[in-house]
Amino acid sequence: MNGDETVRMQAVGQPYGAPMGRKPLSVVVAGGGTAGHIEPALALADAVRRMRPDARVTALGTERGLENRLVPERGYPLELVPPVPMPRKPNADLLKLPLKVRESVKRTREVLDKVGADVVVGFGGYVSLPAYLAARGKTPIVVHEANARAGLANKVGAKFAARVLSATPDSGLSGAQTIGIPLRQSITTLDRWQLRMQARQHFGLHPHAPTVLVFGGSQGAQTLNTAFSGAAEALGRAGIGVLHAHGPKNTIAVQQVPAAPVYRTVPYLERMDLAYAAADLVVCRSGAMTVAEVSAIGLPAVFVPLPHGNGEQALNAQPVVATGGARMVSDEETTPQRVIDEIIPLALDAPRLQAMSRATMNSGHREADQVLARIVLEVAGQ
């Protein structure tokens, strides 16, 4: 194969062959703690592997993060380092921070040396700060910010990164290139209509009734649990089916209406692709990953932002709301009566949902994983 043919293969996203005589590419991803940090990191890992099958991708994590389950399930090695949680307010933990940072940076540097890291890609969270500090001046750094408002770790990392990327404009990171959020191929290639019958059968839902998906992240959301369980009878009498993930540590009781579409409750959704395919409308929190997935597949949404933190969830949802692809309801206004007055009429309005779906689809970024993977290979000199 000549040089021109190699360039053409790379341009269309086909695998990059490992150059003769060069060691396999080693990529370290740092995005532990929550699914919002881990999933983009794993989506990038998958995209790198598709382009460079010989690549070694290692994930950094902590003992208590979700990465302990999610990373091995996806087939990637996980290296644990001490977390560096940043206190939101001055307190005794702030005085211990320098010692924690030194310990974590030392351990992270050991990992980078052991795997021969060619590039470190950080997505924010507890493990990103030590990853950036350990790599500084020794290993090229790429920063990706998923939220509409950048966190402290990524603000630090961006100061000495080779490339800075963000999901949305105006993230607070100077010079960031907007590319969206890397998503799993099971989401970006999802055909909701083709999978609908299979998805509804999987969850035991009515095959044809308007169906609302409700979830509040991996741990559930008490506000959504209370509002929808309180409106379960009204939803049933309106002929609406519900798939409700209430969180593994929560339980809810719902009133099933005889002969009405089922109100299905589950602790956790292992198959988010099928959950999305089963739904006509989703009511959920607006973490950056959730907003990106909903936008990519064109699922109409009602976002209920988490009222804590620095207000980033409301900012995450705002661009989709502005296009007409979603509505936003505050946490305190999400009550059983609000579900009856607003969610039920919306779920029954098929033309409105179709218009929202078109608007939502137009606001998504389906190729962010490939875009980021190409940038990472470029920074790594591959």
# chains A, B, ... in the order shown; residues from 1 in each chain; ligands from 1
>>> residues_around(residues="A:Val266", least_positions_apart="2", cutoff="8 Å", atoms="only C-alpha atoms", output="VMD selection string")
chain A and resid 243 to 247 264 268 to 269
>>> select_by_dssp(residues="stretch 43-78 of chain A", states="strand (DSSP E)", output="PDB file with all heavy atoms, in the first residue's frame")
ATOM      1  N   ARG A  56      -3.062  -0.044  23.098  1.00  0.00           N
ATOM      2  CA  ARG A  56      -3.347  -0.423  24.483  1.00  0.00           C
ATOM      3  C   ARG A  56      -3.972   0.777  25.170  1.00  0.00           C
ATOM      4  O   ARG A  56      -3.356   1.850  25.230  1.00  0.00           O
ATOM      5  CB  ARG A  56      -2.053  -0.826  25.192  1.00  0.00           C
ATOM      6  CG  ARG A  56      -2.260  -1.152  26.660  1.00  0.00           C
ATOM      7  CD  ARG A  56      -0.957  -1.525  27.351  1.00  0.00           C
ATOM      8  NE  ARG A  56      -1.168  -1.930  28.729  1.00  0.00           N
ATOM      9  CZ  ARG A  56      -0.203  -2.302  29.561  1.00  0.00           C
ATOM     10  NH1 ARG A  56       1.045  -2.325  29.151  1.00  0.00           N
ATOM     11  NH2 ARG A  56      -0.479  -2.646  30.800  1.00  0.00           N
ATOM     12  N   VAL A  57      -5.176   0.593  25.690  1.00  0.00           N
ATOM     13  CA  VAL A  57      -5.866   1.677  26.391  1.00  0.00           C
ATOM     14  C   VAL A  57      -6.029   1.269  27.849  1.00  0.00           C
ATOM     15  O   VAL A  57      -6.612   0.226  28.160  1.00  0.00           O
ATOM     16  CB  VAL A  57      -7.241   1.974  25.779  1.00  0.00           C
ATOM     17  CG1 VAL A  57      -7.893   3.153  26.500  1.00  0.00           C
ATOM     18  CG2 VAL A  57      -7.115   2.271  24.288  1.00  0.00           C
ATOM     19  N   THR A  58      -5.512   2.098  28.744  1.00  0.00           N
ATOM     20  CA  THR A  58      -5.572   1.840  30.184  1.00  0.00           C
ATOM     21  C   THR A  58      -6.408   2.929  30.844  1.00  0.00           C
ATOM     22  O   THR A  58      -6.241   4.109  30.546  1.00  0.00           O
ATOM     23  CB  THR A  58      -4.154   1.851  30.797  1.00  0.00           C
ATOM     24  OG1 THR A  58      -3.322   0.929  30.089  1.00  0.00           O
ATOM     25  CG2 THR A  58      -4.204   1.485  32.270  1.00  0.00           C
ATOM     26  N   ALA A  59      -7.316   2.532  31.726  1.00  0.00           N
ATOM     27  CA  ALA A  59      -8.164   3.492  32.437  1.00  0.00           C
ATOM     28  C   ALA A  59      -7.644   3.696  33.856  1.00  0.00           C
ATOM     29  O   ALA A  59      -7.242   2.736  34.522  1.00  0.00           O
ATOM     30  CB  ALA A  59      -9.611   3.007  32.465  1.00  0.00           C
ATOM     31  N   LEU A  60      -7.668   4.940  34.299  1.00  0.00           N
ATOM     32  CA  LEU A  60      -7.364   5.263  35.696  1.00  0.00           C
ATOM     33  C   LEU A  60      -8.663   5.367  36.472  1.00  0.00           C
ATOM     34  O   LEU A  60      -9.672   5.861  35.953  1.00  0.00           O
ATOM     35  CB  LEU A  60      -6.605   6.583  35.798  1.00  0.00           C
ATOM     36  CG  LEU A  60      -5.228   6.667  35.143  1.00  0.00           C
ATOM     37  CD1 LEU A  60      -4.675   8.081  35.310  1.00  0.00           C
ATOM     38  CD2 LEU A  60      -4.276   5.648  35.763  1.00  0.00           C
ATOM     39  N   GLY A  61      -8.647   4.914  37.725  1.00  0.00           N
ATOM     40  CA  GLY A  61      -9.849   5.003  38.548  1.00  0.00           C
ATOM     41  C   GLY A  61      -9.499   4.978  40.021  1.00  0.00           C
ATOM     42  O   GLY A  61      -8.319   4.947  40.401  1.00  0.00           O
ATOM     43  N   LEU A  78      -7.827  -1.629  34.299  1.00  0.00           N
ATOM     44  CA  LEU A  78      -8.080  -0.506  35.202  1.00  0.00           C
ATOM     45  C   LEU A  78      -6.962  -0.428  36.222  1.00  0.00           C
ATOM     46  O   LEU A  78      -6.632  -1.420  36.879  1.00  0.00           O
ATOM     47  CB  LEU A  78      -9.425  -0.707  35.912  1.00  0.00           C
ATOM     48  CG  LEU A  78      -9.808   0.321  36.985  1.00  0.00           C
ATOM     49  CD1 LEU A  78     -10.035   1.695  36.365  1.00  0.00           C
ATOM     50  CD2 LEU A  78     -11.057  -0.139  37.740  1.00  0.00           C
TER      51      LEU A  78
END
>>> closest_residue(among="A:Ala131, A:Val254, A:Leu315, A:Leu213", to="A:Ala231", atoms="only C-alpha atoms")
A:Val254
>>> atom_distance(atom1="atom CA of A:Ile141", atom2="atom CA of A:Ala158")
8.6 Å
>>> residues_around(residues="A:Val27", least_positions_apart="5", cutoff="10 Å", atoms="only C-alpha atoms", output="list in words")
Ala45, Val48, Ala55, Arg56, Val57, Thr58, Ala59, Leu112, Val115, Gly116, Ala117, Asp118, Val119, Val120, Val121, Val376, Leu377 and Ala380 of chain A
>>> residues_around(residues="A:Ala355", least_positions_apart="6", cutoff="9 Å", atoms="only C-alpha atoms", output="PyMOL selection string")
chain A and resi 300+324-325
>>> residues_around(residues="stretch 342-348 of chain A", least_positions_apart="6", cutoff="8 Å", atoms="only C-alpha atoms", output="list in words")
Pro210, Thr211, Val212, Leu235, Ala238, Ile240, Asp280 and Leu281 of chain A
>>> select_by_dssp(residues="stretch 126-253 of chain A", states="alpha helix (DSSP H)", output="ChimeraX atom specification")
/A:128-135,152-157,185-188,192-203,222-230,232-237
>>> closest_atom_pairs(of="stretch 167-246 of chain A", to="stretch 35-38 of chain A", cutoff="12 Å", atoms="only C-alpha atoms", output="JSON lines")
{"residue": "A:Ile181", "atom": "CA", "partner": "A:Gly36", "partner_atom": "CA", "distance": 9.9}
{"residue": "A:Pro182", "atom": "CA", "partner": "A:His37", "partner_atom": "CA", "distance": 10.6}
{"residue": "A:Leu183", "atom": "CA", "partner": "A:Gly36", "partner_atom": "CA", "distance": 10.6}
{"residue": "A:Arg184", "atom": "CA", "partner": "A:Ile38", "partner_atom": "CA", "distance": 11.3}
{"residue": "A:Gly217", "atom": "CA", "partner": "A:Ala35", "partner_atom": "CA", "distance": 8.6}
{"residue": "A:Ser218", "atom": "CA", "partner": "A:Ala35", "partner_atom": "CA", "distance": 7.6}
{"residue": "A:Gln219", "atom": "CA", "partner": "A:Ala35", "partner_atom": "CA", "distance": 10.6}
>>> closest_residue(among="A:Val291, A:Val320, A:Val302, A:Ile297", to="A:Gln185", atoms="only C-alpha atoms")
A:Ile297
>>> residues_around(residues="A:Arg163", least_positions_apart="5", cutoff="9 Å", atoms="only C-alpha atoms", output="VMD selection string")
chain A and resid 140 to 144 158 175 to 177 375 to 376 379
>>> residues_around(residues="A:Leu70", least_positions_apart="4", cutoff="10 Å", atoms="only C-alpha atoms", output="list in words")
Gly32, Ala35, Ile38, Glu39, Leu42, Gly65, Leu66, Arg74, Gly75, Tyr76 and Leu78 of chain A
>>> closest_residue(among="A:Val214, A:Leu80, A:Ala232, A:Val294", to="A:Pro267", atoms="only C-alpha atoms")
A:Val214
>>> closest_residue(among="A:Gly137, A:Pro72, A:Gly311, A:Gly241", to="A:Phe160", atoms="only C-alpha atoms")
A:Gly137
>>> closest_residue(among="A:Glu67, A:Glu73, A:Asp341, A:Asp191", to="A:Leu274", atoms="only C-alpha atoms")
A:Asp191
>>> atom_distance(atom1="atom CA of A:Thr168", atom2="atom CA of A:Ala322")
13.6 Å
